[in-house]
Amino acid sequence: MTEHGKEDSVVGSVMEKISEKIYGHNSTSDVDSDHGKSKSDSDSLKSRIYHLFGREKPVHEVFGGGKPADIFLWRNKKISAGVLGGATAIWVLFELLEYHVLALVCHILILALAILFLWSNASTFINKSPPRIPEVHIPEEPVLQIAASLRIEINRALAVLRDIASGRDLKKFLAVIAGLSVLSIVGSCCNFLTLFYIALVLLLTVPVFYEKYEDQVDAFAKKAMIEIKKQYAVFDAKVLSKIPRGILKGKKKD
């Protein structure tokens, strides 16, 4: 009886271990499947999150992901601060002190040529080697690449303007008119240098602010876009829908 009881206990313990392994494996697989489902759900939820201007890439990749993006997003704080400080110094020099660009260029050239001329002539008296002035040549290939890229962008802008002027897209027409009106108002208040400085300051502050508070800005932008779409629907129903479009339809048929 004792030996039979021992055998039963051994068999029972073996069965318990086998059942633990089987059920433990099933439970871990269930946990893994649940984790996979939750991960897929979180990925799909992230894909449904609204981003400003329909952005799908990180902010750093939107700006090209190179050195300009590092400067705009303050990855290298010394270079970014240097760019901002240099632009501020130039703006103060030309706007507040009313120094002219042509006068500045002429004074810099006069000073540089005078120093090099005196150094070259005085080197024989002070027994020192004359300054080595490098030969500067503008390479042809980068100039052609810049000209080609400018040509492509100008042709693209002309195609957009032609498409707007043809009357095919009323929404784009109104957006361009509003943008040009705002730009003309800003241009009448300040000159080109001040406008360029404001644009540079915005490029060095707005992207890094957006990257830091991305979730809050995206949530606010989503609410704003919903409200803009509602107002545009009301404007379309009350104003735009009443504009006769027989001419546009005739053009499309032709």
# chains A, B, ... in the order shown; residues from 1 in each chain; ligands from 1
>>> closest_atom_pairs(of="range 74-123 of chain A", to="range 65-69 of chain A", cutoff="12 Å", atoms="only C-alpha atoms", output="JSON lines")
{"residue": "A:Trp74", "atom": "CA", "partner": "A:Ala69", "partner_atom": "CA", "distance": 8.2}
{"residue": "A:Arg75", "atom": "CA", "partner": "A:Ala69", "partner_atom": "CA", "distance": 8.2}
{"residue": "A:Asn76", "atom": "CA", "partner": "A:Lys67", "partner_atom": "CA", "distance": 9.1}
{"residue": "A:Ile79", "atom": "CA", "partner": "A:Lys67", "partner_atom": "CA", "distance": 9.9}
{"residue": "A:Ser80", "atom": "CA", "partner": "A:Pro68", "partner_atom": "CA", "distance": 9.6}
{"residue": "A:Val83", "atom": "CA", "partner": "A:Pro68", "partner_atom": "CA", "distance": 11.1}
>>> write_last_selection(atoms="all heavy atoms", output="PDB file, in the first residue's frame")
ATOM      1  N   TRP A  74      17.508  74.168 -32.485  1.00  0.00           N
ATOM      2  CA  TRP A  74      18.458  74.403 -31.398  1.00  0.00           C
ATOM      3  C   TRP A  74      19.100  73.110 -30.911  1.00  0.00           C
ATOM      4  O   TRP A  74      19.312  72.909 -29.708  1.00  0.00           O
ATOM      5  CB  TRP A  74      17.790  75.134 -30.239  1.00  0.00           C
ATOM      6  CG  TRP A  74      17.401  76.546 -30.558  1.00  0.00           C
ATOM      7  CD1 TRP A  74      16.342  76.936 -31.315  1.00  0.00           C
ATOM      8  CD2 TRP A  74      18.073  77.742 -30.170  1.00  0.00           C
ATOM      9  NE1 TRP A  74      16.308  78.310 -31.434  1.00  0.00           N
ATOM     10  CE2 TRP A  74      17.359  78.836 -30.727  1.00  0.00           C
ATOM     11  CE3 TRP A  74      19.202  78.014 -29.392  1.00  0.00           C
ATOM     12  CZ2 TRP A  74      17.743  80.156 -30.530  1.00  0.00           C
ATOM     13  CZ3 TRP A  74      19.579  79.334 -29.202  1.00  0.00           C
ATOM     14  CH2 TRP A  74      18.858  80.388 -29.759  1.00  0.00           C
ATOM     15  N   ARG A  75      19.431  72.195 -31.863  1.00  0.00           N
ATOM     16  CA  ARG A  75      20.191  71.011 -31.485  1.00  0.00           C
ATOM     17  C   ARG A  75      21.618  71.413 -31.099  1.00  0.00           C
ATOM     18  O   ARG A  75      22.205  70.832 -30.201  1.00  0.00           O
ATOM     19  CB  ARG A  75      20.225  70.019 -32.641  1.00  0.00           C
ATOM     20  CG  ARG A  75      18.869  69.454 -33.024  1.00  0.00           C
ATOM     21  CD  ARG A  75      18.390  68.437 -31.991  1.00  0.00           C
ATOM     22  NE  ARG A  75      17.270  67.688 -32.469  1.00  0.00           N
ATOM     23  CZ  ARG A  75      16.001  68.024 -32.320  1.00  0.00           C
ATOM     24  NH1 ARG A  75      15.711  69.151 -31.672  1.00  0.00           N
ATOM     25  NH2 ARG A  75      15.030  67.272 -32.790  1.00  0.00           N
ATOM     26  N   ASN A  76      22.168  72.383 -31.834  1.00  0.00           N
ATOM     27  CA  ASN A  76      23.469  72.966 -31.492  1.00  0.00           C
ATOM     28  C   ASN A  76      23.215  74.396 -31.039  1.00  0.00           C
ATOM     29  O   ASN A  76      23.038  75.310 -31.850  1.00  0.00           O
ATOM     30  CB  ASN A  76      24.403  72.927 -32.707  1.00  0.00           C
ATOM     31  CG  ASN A  76      25.842  73.215 -32.331  1.00  0.00           C
ATOM     32  OD1 ASN A  76      26.119  73.882 -31.326  1.00  0.00           O
ATOM     33  ND2 ASN A  76      26.775  72.712 -33.115  1.00  0.00           N
ATOM     34  N   ILE A  79      25.597  77.412 -32.323  1.00  0.00           N
ATOM     35  CA  ILE A  79      25.387  77.888 -33.696  1.00  0.00           C
ATOM     36  C   ILE A  79      24.067  78.643 -33.800  1.00  0.00           C
ATOM     37  O   ILE A  79      23.986  79.704 -34.438  1.00  0.00           O
ATOM     38  CB  ILE A  79      25.430  76.711 -34.675  1.00  0.00           C
ATOM     39  CG1 ILE A  79      26.813  76.052 -34.647  1.00  0.00           C
ATOM     40  CG2 ILE A  79      25.094  77.167 -36.090  1.00  0.00           C
ATOM     41  CD1 ILE A  79      26.934  74.846 -35.544  1.00  0.00           C
ATOM     42  N   SER A  80      23.009  78.113 -33.181  1.00  0.00           N
ATOM     43  CA  SER A  80      21.703  78.782 -33.235  1.00  0.00           C
ATOM     44  C   SER A  80      21.762  80.155 -32.576  1.00  0.00           C
ATOM     45  O   SER A  80      21.241  81.137 -33.117  1.00  0.00           O
ATOM     46  CB  SER A  80      20.644  77.909 -32.557  1.00  0.00           C
ATOM     47  OG  SER A  80      20.533  76.653 -33.191  1.00  0.00           O
ATOM     48  N   VAL A  83      23.690  82.507 -34.884  1.00  0.00           N
ATOM     49  CA  VAL A  83      22.882  82.982 -36.018  1.00  0.00           C
ATOM     50  C   VAL A  83      21.904  84.059 -35.565  1.00  0.00           C
ATOM     51  O   VAL A  83      21.757  85.114 -36.211  1.00  0.00           O
ATOM     52  CB  VAL A  83      22.140  81.806 -36.672  1.00  0.00           C
ATOM     53  CG1 VAL A  83      21.130  82.304 -37.700  1.00  0.00           C
ATOM     54  CG2 VAL A  83      23.129  80.863 -37.339  1.00  0.00           C
TER      55      VAL A  83
END
>>> closest_residue(among="A:Ala233, A:Gly82, A:Tyr197, A:Ile133", to="Ala112 in chain A", atoms="only C-alpha atoms")
A:Ile133
>>> atom_distance(atom1="CA of Asn191 in chain A", atom2="CA of Thr88 in chain A")
15.3 Å
>>> closest_residue(among="A:Phe220, A:Ser166, A:Leu193, A:Gln231", to="Val101 in chain A", atoms="only C-alpha atoms")
A:Leu193
>>> select_by_dssp(residues="range 52-164 of chain A", states="alpha helix (DSSP H)", output="VMD selection string")
chain A and resid 59 to 62 67 to 72 77 to 91 101 to 122 140 to 164
>>> atom_distance(atom1="CA of His100 in chain A", atom2="CA of Ile115 in chain A")
22.8 Å
>>> decode(residues="range 141-167 of chain A", atoms="N, CA and C atoms", output="short mmCIF file (atom, residue, chain, number, x, y, z; two decimals), in the first residue's frame")
data_model
loop_
_atom_site.label_atom_id
_atom_site.label_comp_id
_atom_site.auth_asym_id
_atom_site.auth_seq_id
_atom_site.Cartn_x
_atom_site.Cartn_y
_atom_site.Cartn_z
N GLU A 141 29.56 74.37 -61.22
CA GLU A 141 28.51 73.38 -60.95
C GLU A 141 27.51 73.83 -59.89
N PRO A 142 27.94 74.35 -58.71
CA PRO A 142 26.95 74.80 -57.72
C PRO A 142 26.06 75.94 -58.25
N VAL A 143 26.65 76.83 -59.04
CA VAL A 143 25.85 77.94 -59.60
C VAL A 143 24.78 77.40 -60.54
N LEU A 144 25.14 76.41 -61.36
CA LEU A 144 24.16 75.81 -62.26
C LEU A 144 23.08 75.05 -61.49
N GLN A 145 23.47 74.38 -60.41
CA GLN A 145 22.47 73.67 -59.60
C GLN A 145 21.50 74.64 -58.94
N ILE A 146 22.02 75.73 -58.41
CA ILE A 146 21.13 76.74 -57.79
C ILE A 146 20.20 77.34 -58.82
N ALA A 147 20.75 77.65 -60.00
CA ALA A 147 19.92 78.22 -61.07
C ALA A 147 18.84 77.24 -61.52
N ALA A 148 19.19 75.95 -61.61
CA ALA A 148 18.20 74.94 -62.02
C ALA A 148 17.10 74.79 -60.98
N SER A 149 17.49 74.77 -59.70
CA SER A 149 16.48 74.65 -58.64
C SER A 149 15.58 75.88 -58.59
N LEU A 150 16.16 77.07 -58.79
CA LEU A 150 15.34 78.28 -58.84
C LEU A 150 14.38 78.26 -60.03
N ARG A 151 14.86 77.77 -61.15
CA ARG A 151 14.00 77.68 -62.34
C ARG A 151 12.81 76.76 -62.09
N ILE A 152 13.06 75.62 -61.43
CA ILE A 152 11.98 74.68 -61.14
C ILE A 152 10.96 75.31 -60.20
N GLU A 153 11.43 75.98 -59.15
CA GLU A 153 10.51 76.59 -58.19
C GLU A 153 9.73 77.74 -58.82
N ILE A 154 10.38 78.53 -59.66
CA ILE A 154 9.67 79.65 -60.33
C ILE A 154 8.61 79.11 -61.28
N ASN A 155 8.95 78.06 -62.04
CA ASN A 155 7.95 77.46 -62.95
C ASN A 155 6.79 76.86 -62.18
N ARG A 156 7.08 76.27 -61.02
CA ARG A 156 6.00 75.71 -60.19
C ARG A 156 5.10 76.82 -59.66
N ALA A 157 5.70 77.93 -59.23
CA ALA A 157 4.89 79.05 -58.74
C ALA A 157 4.05 79.66 -59.87
N LEU A 158 4.63 79.77 -61.06
CA LEU A 158 3.86 80.29 -62.20
C LEU A 158 2.71 79.35 -62.57
N ALA A 159 2.93 78.04 -62.47
CA ALA A 159 1.85 77.09 -62.77
C ALA A 159 0.72 77.20 -61.75
N VAL A 160 1.09 77.41 -60.47
CA VAL A 160 0.07 77.58 -59.43
C VAL A 160 -0.72 78.86 -59.68
N LEU A 161 -0.02 79.95 -60.01
CA LEU A 161 -0.71 81.22 -60.29
C LEU A 161 -1.62 81.09 -61.51
N ARG A 162 -1.17 80.37 -62.53
CA ARG A 162 -2.01 80.17 -63.72
C ARG A 162 -3.25 79.35 -63.38
N ASP A 163 -3.06 78.33 -62.54
CA ASP A 163 -4.21 77.51 -62.14
C ASP A 163 -5.21 78.31 -61.33
N ILE A 164 -4.71 79.22 -60.48
CA ILE A 164 -5.62 80.05 -59.69
C ILE A 164 -6.33 81.06 -60.58
N ALA A 165 -5.59 81.68 -61.51
CA ALA A 165 -6.18 82.69 -62.37
C ALA A 165 -7.21 82.11 -63.34
N SER A 166 -7.12 80.81 -63.62
CA SER A 166 -8.09 80.19 -64.53
C SER A 166 -9.45 79.98 -63.89
N GLY A 167 -9.56 80.19 -62.56
CA GLY A 167 -10.85 80.10 -61.90
C GLY A 167 -11.31 78.70 -61.58
#
